[in-house]
Amino acid sequence: MEIPAIVGAGLVVIGAGIGIGRIGGSAMEAIARQPEATNKIQTAMLIAAALIEGIGFAALFAV
Amino acid sequence: MEKLIEQFSVGLFFWQTILFLILLFILKKYAWKPILDSVSERENTIRESLDSAENAKKELAELQSKNENLIAEAKIERDALLKEARELKDKIVGEAKGEAKEEADKIVQAAHAAIEAEKASAIAEMKTEMASLSISIAEKIIRKELSSDDKQKSLANELVADIKLN
Amino acid sequence: MGQLIKFNSQIILVCALGFIVHVTVLQFLNLPLFDNQIIVAYVGNIILAIVIVIALLKAPPKYQNSLGFLFLLGSFLKFGFFFLVFYSNFKANGTIERPEFFAFFTPYAVALTMEAKCLINNLSE
Amino acid sequence: MQCRSALLTKKINYFCTKFRNVIRQVIMQFTRALFFLAVLVLSQPVLLNASGHAEHAADSIQNTPIEHSHSEGHEAMTMKEEIKAHISHHLQDSYGFHLFTDTETNTHYGFPLPVILIDNGLQIFSSSKFHHGESVAESNGNYYTLYHGKIYKTDESGFMPMHDGHVHNEKPLDFSITKNVFSIMVLSFLLVLLFMGAAKSYKKSLVPTGTARFLEPLVIFVRDEIAIPNIGEKHYKKFMSYLLTVFFFIWFVNLFGLTPLGINVTNSISVTFALAIMTFIITQVSGKAEYWKHIFWMPGVPVPMKILLAPIELLGIFIKPFALLIRLYANITAGHVVLMSLIGLMFIFHSWIGSSLSFALAVSLSLLELLVAALQAYIFTMLTALYFGSAVAEHEHH
């Protein structure tokens, strides 16, 4: 039985979603712990999220 | 992926590149440069004024500490002067006191001497006076008493007795 | 200058070696030996590599920071060379076959490695 | 222990006050935006309903036997198909700027734009010649036809031979001023006006007035939060113009994409590709020796690792801008698709509860898209700055 490529893409998107969720959650915790470092945390969070997002898109468009 | 490549339009890419470069050029020359320059100029002005304010503050503090030093020095000098003056005064006063004592002693001595002399002279005078007075009294009494012979005699005796007592 | 001569002799030597191995492999696989413009591919790649290395070594001090960029430009030059000279011939029958691919790719990879080595030496100075 | 708990309470208090302020601000902004967006969202269905038929017209090309059967299928177009067609039409570039279509009288409101083709010399004619895809345009003896939003060469009758769903007609090189190109022109003009006006107010005094007072914090944001932390104090100046232009261009284009005008510049791959390739070229050109050394011969790792890393790094310099272009394109496209699908759901449900639910969803999604418009501009600019930073970085610690 052959698994369609879109299933793989879906799996990658799920992974990316979990990853971005974890980044967001951790960033929230970090901000709660250190509100004075909010800017730095946000920047790092956005960069990491953007990189993971890239993987998600790569999977989506590779199909 | 194929869908993406199919969507790619050379014309749009071309126009976007050209228009963006034109936009970049115009904005760089007429917007970003003036804005960024003014912003950084303003920031520099603020920084400089803050710095100069800080410097002024420092200078003021320095001046103040200098003043304080001066005041402290002046105080010390004044204290020294005062001390010296006090010593001088004490010395002068002491000296004056000694002199005055001597003088007073002298005066007292002189006074003593004068008093002695006066006393002596007064006694002498008194003696003479008394003698004369006695004589006059005696004369009067004698004149009165000596109206009668008895009386003259008794009086004379009495007087003589009295004089002897003295 | 010494570096350039050294590189030239090295690349010619290595490419010659590569060519001999390539042809031997073709011989073993019972394929035509000098098909698919294989000579043009080797000579062209050597010449391009030498041109790029000259550019790298003789770059004025102003561009000393952009050596890597020059290298990339050289790669684009090679792609241009490939598309102009080979692509239409290779694609003539619809697909690029394995011998066709290796006819261009082997000298390309060898020359690229040599260039990269030269660039790394230059950068590490 | 007590000390720590005291510290914790203090921190929690700080966070709470800050959070309260944020919430208050958000509510204020929300109510303000709600009004605007209600107008915005309400106006979309009008367009949707109206342009649906235009798509129908654009899709069916007369005089082609194959197309006839195709257009017959269109006769029985369900609401779902109509919405789907409208969304795909909305996502596509077009040769005229048409605002909406009156379905009753089948009149189109909008204006045509010039078509520029390179085919036997320069061919320039107005897109009104296509009559919204209904007729074949003629220019200097060449015939062109519009099929699925693309121009194909054809003959006088508009004959389009099809083989298993693909058109095999020749496509001329197309440099037309399409809707997107026109939008880019207009928006660029607006940007120039806006920022030149802002720059002018600095001439009078160092303290800005008017729009500059609103724009200056954004410019400073790009400088202090994007350029300086990522590139460094020493080199950031020469990249500022590019970063600022990219940031404001993407942001404005994204924002205008949310208006009912139906402009979607950043959801065409060509535009994001152009932006990414500029970032790529600037990065490579400004790359210092140190940057190239890190790509070709990574210092500080063993030799086999170096050999392994070199191709990966070399590939990476191409992948990075590619991810950049895909990210922007995909985010904006996905946003548009989801938003328009939700609006479309309003018509499919035909019940007050479903329709109002999807309306509420569409409103909140529009709000989210406002955020995404700014966020994507920010991320694009930030990653660009990051790449520039890696290109000019000087690694003193080796």
# chains A, B, ... in the order shown; residues from 1 in each chain; ligands from 1
>>> residues_around(residues="stretch 34-49 of chain B", least_positions_apart="6", cutoff="12 Å", atoms="only C-alpha atoms", output="PyMOL selection string")
(chain B and resi 26-28+55-57) or (chain D and resi 195-208+212-213+215-224+237-238+240-241+244)
>>> interface_residues(of="chain C", to="chain D", cutoff="7 Å", atoms="only C-alpha atoms", output="list of chain:residue names")
C:Asn65, C:Ser66, C:Gly68, C:Phe69, C:Ile120, C:Leu123
>>> residues_around(residues="stretch 9-21 of chain C", least_positions_apart="4", cutoff="8 Å", atoms="only C-alpha atoms", output="list in words")
Ile5, Val25, Tyr42, Ile46, Thr106, Pro107, Val110, Ala111 and Met114 of chain C
>>> write_last_selection(atoms="N, CA, C and O atoms", output="JSON list (two decimals), in the first residue's frame")
[["chain", "number", "residue", "atom", "x", "y", "z"],
["C", 5, "ILE", "N", 50.69, 28.78, -11.32],
["C", 5, "ILE", "CA", 51.30, 27.69, -12.11],
["C", 5, "ILE", "C", 51.08, 26.35, -11.42],
["C", 5, "ILE", "O", 50.70, 25.35, -12.03],
["C", 25, "VAL", "N", 36.08, 3.46, -16.72],
["C", 25, "VAL", "CA", 34.77, 3.02, -16.24],
["C", 25, "VAL", "C", 33.83, 2.84, -17.43],
["C", 25, "VAL", "O", 33.11, 1.83, -17.52],
["C", 42, "TYR", "N", 35.54, 18.34, -20.33],
["C", 42, "TYR", "CA", 36.76, 18.40, -19.53],
["C", 42, "TYR", "C", 37.54, 19.66, -19.81],
["C", 42, "TYR", "O", 37.94, 20.39, -18.89],
["C", 46, "ILE", "N", 38.19, 22.81, -17.26],
["C", 46, "ILE", "CA", 39.55, 23.19, -16.86],
["C", 46, "ILE", "C", 39.77, 24.67, -17.15],
["C", 46, "ILE", "O", 40.25, 25.42, -16.30],
["C", 106, "THR", "N", 31.35, 14.90, -13.79],
["C", 106, "THR", "CA", 32.65, 14.48, -13.26],
["C", 106, "THR", "C", 33.69, 15.60, -13.37],
["C", 106, "THR", "O", 34.26, 15.99, -12.36],
["C", 107, "PRO", "N", 33.93, 16.14, -14.58],
["C", 107, "PRO", "CA", 34.92, 17.23, -14.62],
["C", 107, "PRO", "C", 34.48, 18.45, -13.80],
["C", 107, "PRO", "O", 35.31, 19.10, -13.18],
["C", 110, "VAL", "N", 35.28, 17.70, -10.14],
["C", 110, "VAL", "CA", 36.73, 17.71, -9.91],
["C", 110, "VAL", "C", 37.25, 19.14, -9.90],
["C", 110, "VAL", "O", 37.95, 19.58, -8.98],
["C", 111, "ALA", "N", 36.84, 19.91, -10.92],
["C", 111, "ALA", "CA", 37.31, 21.29, -11.03],
["C", 111, "ALA", "C", 36.81, 22.11, -9.84],
["C", 111, "ALA", "O", 37.54, 22.93, -9.27],
["C", 114, "MET", "N", 38.84, 21.39, -6.75],
["C", 114, "MET", "CA", 40.16, 22.03, -6.84],
["C", 114, "MET", "C", 40.04, 23.53, -6.56],
["C", 114, "MET", "O", 40.83, 24.10, -5.81]]
>>> closest_atom_pairs(of="chain B", to="chain A", cutoff="12 Å", atoms="only C-alpha atoms", output="tab-separated table")
residue	atom	partner	partner_atom	distance
B:Met1	CA	A:Phe61	CA	5.0
B:Glu2	CA	A:Phe61	CA	8.5
B:Lys3	CA	A:Phe61	CA	8.4
B:Leu4	CA	A:Phe61	CA	7.8
B:Ile5	CA	A:Phe61	CA	10.5
>>> residues_around(residues="D:Ile317", least_positions_apart="4", cutoff="8 Å", atoms="only C-alpha atoms", output="list in words")
Phe280, Glu313 and Pro321 of chain D
>>> write_last_selection(atoms="N, CA, C and O atoms", output="compact mmCIF listing (two decimals), in the first residue's frame")
# COMPACT_ATOMS: atom_id res chain seq x y z
N PHE D 280 19.45 37.99 -0.98
CA PHE D 280 20.51 37.02 -1.26
C PHE D 280 21.73 37.73 -1.86
O PHE D 280 22.86 37.55 -1.40
N GLU D 313 26.74 24.10 4.07
CA GLU D 313 26.72 25.56 4.24
C GLU D 313 26.47 26.25 2.91
O GLU D 313 25.72 27.22 2.83
N PRO D 321 17.39 32.22 1.76
CA PRO D 321 16.46 33.14 1.08
C PRO D 321 15.25 32.43 0.49
O PRO D 321 14.17 33.02 0.41
>>> residues_around(residues="A:Ile55", least_positions_apart="4", cutoff="9 Å", atoms="only C-alpha atoms", output="ChimeraX atom specification")
/A:12-13,16,50-51,59-60 /D:323
>>> interface_residues(of="chain A", to="chain D", cutoff="10 Å", atoms="only C-alpha atoms", output="NGL selection string")
:A and (31-36 or 39-40 or 43 or 46-47 or 49-51 or 53-58 or 60-61)
>>> residues_around(residues="stretch 132-141 of chain B", least_positions_apart="4", cutoff="12 Å", atoms="only C-alpha atoms", output="list in words")
Glu125, Met126, Lys127, Thr128, Glu145, Leu146, Ser147, Ser148, Lys151, Gln152, Lys153, Ser154, Leu155, Ala156, Asn157, Glu158, Leu159, Val160, Asp162 and Ile163 of chain B
>>> write_last_selection(atoms="N, CA and C atoms", output="PDB file, in the first residue's frame")
ATOM      1  N   GLU B 125      50.803 118.024 114.745  1.00  0.00           N
ATOM      2  CA  GLU B 125      49.935 119.190 114.648  1.00  0.00           C
ATOM      3  C   GLU B 125      48.947 119.196 115.777  1.00  0.00           C
ATOM      4  N   MET B 126      48.330 117.980 115.898  1.00  0.00           N
ATOM      5  CA  MET B 126      47.366 117.832 116.973  1.00  0.00           C
ATOM      6  C   MET B 126      47.996 118.206 118.305  1.00  0.00           C
ATOM      7  N   LYS B 127      49.196 117.780 118.448  1.00  0.00           N
ATOM      8  CA  LYS B 127      49.895 118.065 119.704  1.00  0.00           C
ATOM      9  C   LYS B 127      50.028 119.557 119.887  1.00  0.00           C
ATOM     10  N   THR B 128      50.466 120.191 118.795  1.00  0.00           N
ATOM     11  CA  THR B 128      50.617 121.644 118.888  1.00  0.00           C
ATOM     12  C   THR B 128      49.276 122.287 119.144  1.00  0.00           C
ATOM     13  N   GLU B 145      38.865 130.748 136.718  1.00  0.00           N
ATOM     14  CA  GLU B 145      39.131 130.055 137.937  1.00  0.00           C
ATOM     15  C   GLU B 145      40.044 130.826 138.840  1.00  0.00           C
ATOM     16  N   LEU B 146      40.806 131.562 138.062  1.00  0.00           N
ATOM     17  CA  LEU B 146      41.811 132.227 138.823  1.00  0.00           C
ATOM     18  C   LEU B 146      41.373 133.563 139.360  1.00  0.00           C
ATOM     19  N   SER B 147      40.018 133.620 139.365  1.00  0.00           N
ATOM     20  CA  SER B 147      39.440 134.780 139.966  1.00  0.00           C
ATOM     21  C   SER B 147      39.591 134.760 141.460  1.00  0.00           C
ATOM     22  N   SER B 148      39.488 133.519 141.933  1.00  0.00           N
ATOM     23  CA  SER B 148      39.814 133.267 143.321  1.00  0.00           C
ATOM     24  C   SER B 148      41.075 132.434 143.409  1.00  0.00           C
ATOM     25  N   LYS B 151      40.467 128.623 143.918  1.00  0.00           N
ATOM     26  CA  LYS B 151      40.132 127.920 142.667  1.00  0.00           C
ATOM     27  C   LYS B 151      41.317 127.831 141.736  1.00  0.00           C
ATOM     28  N   GLN B 152      42.041 128.895 141.772  1.00  0.00           N
ATOM     29  CA  GLN B 152      43.214 128.855 140.879  1.00  0.00           C
ATOM     30  C   GLN B 152      44.133 127.739 141.227  1.00  0.00           C
ATOM     31  N   LYS B 153      44.296 127.624 142.515  1.00  0.00           N
ATOM     32  CA  LYS B 153      45.171 126.570 142.975  1.00  0.00           C
ATOM     33  C   LYS B 153      44.729 125.212 142.680  1.00  0.00           C
ATOM     34  N   SER B 154      43.408 124.913 142.996  1.00  0.00           N
ATOM     35  CA  SER B 154      42.879 123.553 142.734  1.00  0.00           C
ATOM     36  C   SER B 154      42.910 123.210 141.289  1.00  0.00           C
ATOM     37  N   LEU B 155      42.469 124.218 140.525  1.00  0.00           N
ATOM     38  CA  LEU B 155      42.502 123.971 139.055  1.00  0.00           C
ATOM     39  C   LEU B 155      43.889 123.688 138.560  1.00  0.00           C
ATOM     40  N   ALA B 156      44.657 124.473 138.965  1.00  0.00           N
ATOM     41  CA  ALA B 156      46.046 124.226 138.505  1.00  0.00           C
ATOM     42  C   ALA B 156      46.494 122.834 138.862  1.00  0.00           C
ATOM     43  N   ASN B 157      46.083 122.411 139.998  1.00  0.00           N
ATOM     44  CA  ASN B 157      46.430 121.044 140.410  1.00  0.00           C
ATOM     45  C   ASN B 157      45.804 120.004 139.521  1.00  0.00           C
ATOM     46  N   GLU B 158      44.467 120.295 139.380  1.00  0.00           N
ATOM     47  CA  GLU B 158      43.763 119.337 138.480  1.00  0.00           C
ATOM     48  C   GLU B 158      44.404 119.238 137.126  1.00  0.00           C
ATOM     49  N   LEU B 159      44.567 120.362 136.508  1.00  0.00           N
ATOM     50  CA  LEU B 159      45.151 120.393 135.162  1.00  0.00           C
ATOM     51  C   LEU B 159      46.474 119.698 135.078  1.00  0.00           C
ATOM     52  N   VAL B 160      47.149 120.038 136.078  1.00  0.00           N
ATOM     53  CA  VAL B 160      48.457 119.392 136.081  1.00  0.00           C
ATOM     54  C   VAL B 160      48.282 117.888 136.136  1.00  0.00           C
ATOM     55  N   ASP B 162      45.757 116.198 135.139  1.00  0.00           N
ATOM     56  CA  ASP B 162      45.295 115.732 133.785  1.00  0.00           C
ATOM     57  C   ASP B 162      46.413 115.626 132.769  1.00  0.00           C
ATOM     58  N   ILE B 163      47.172 116.713 132.788  1.00  0.00           N
ATOM     59  CA  ILE B 163      48.249 116.686 131.777  1.00  0.00           C
ATOM     60  C   ILE B 163      49.178 115.526 132.026  1.00  0.00           C
TER      61      ILE B 163
END
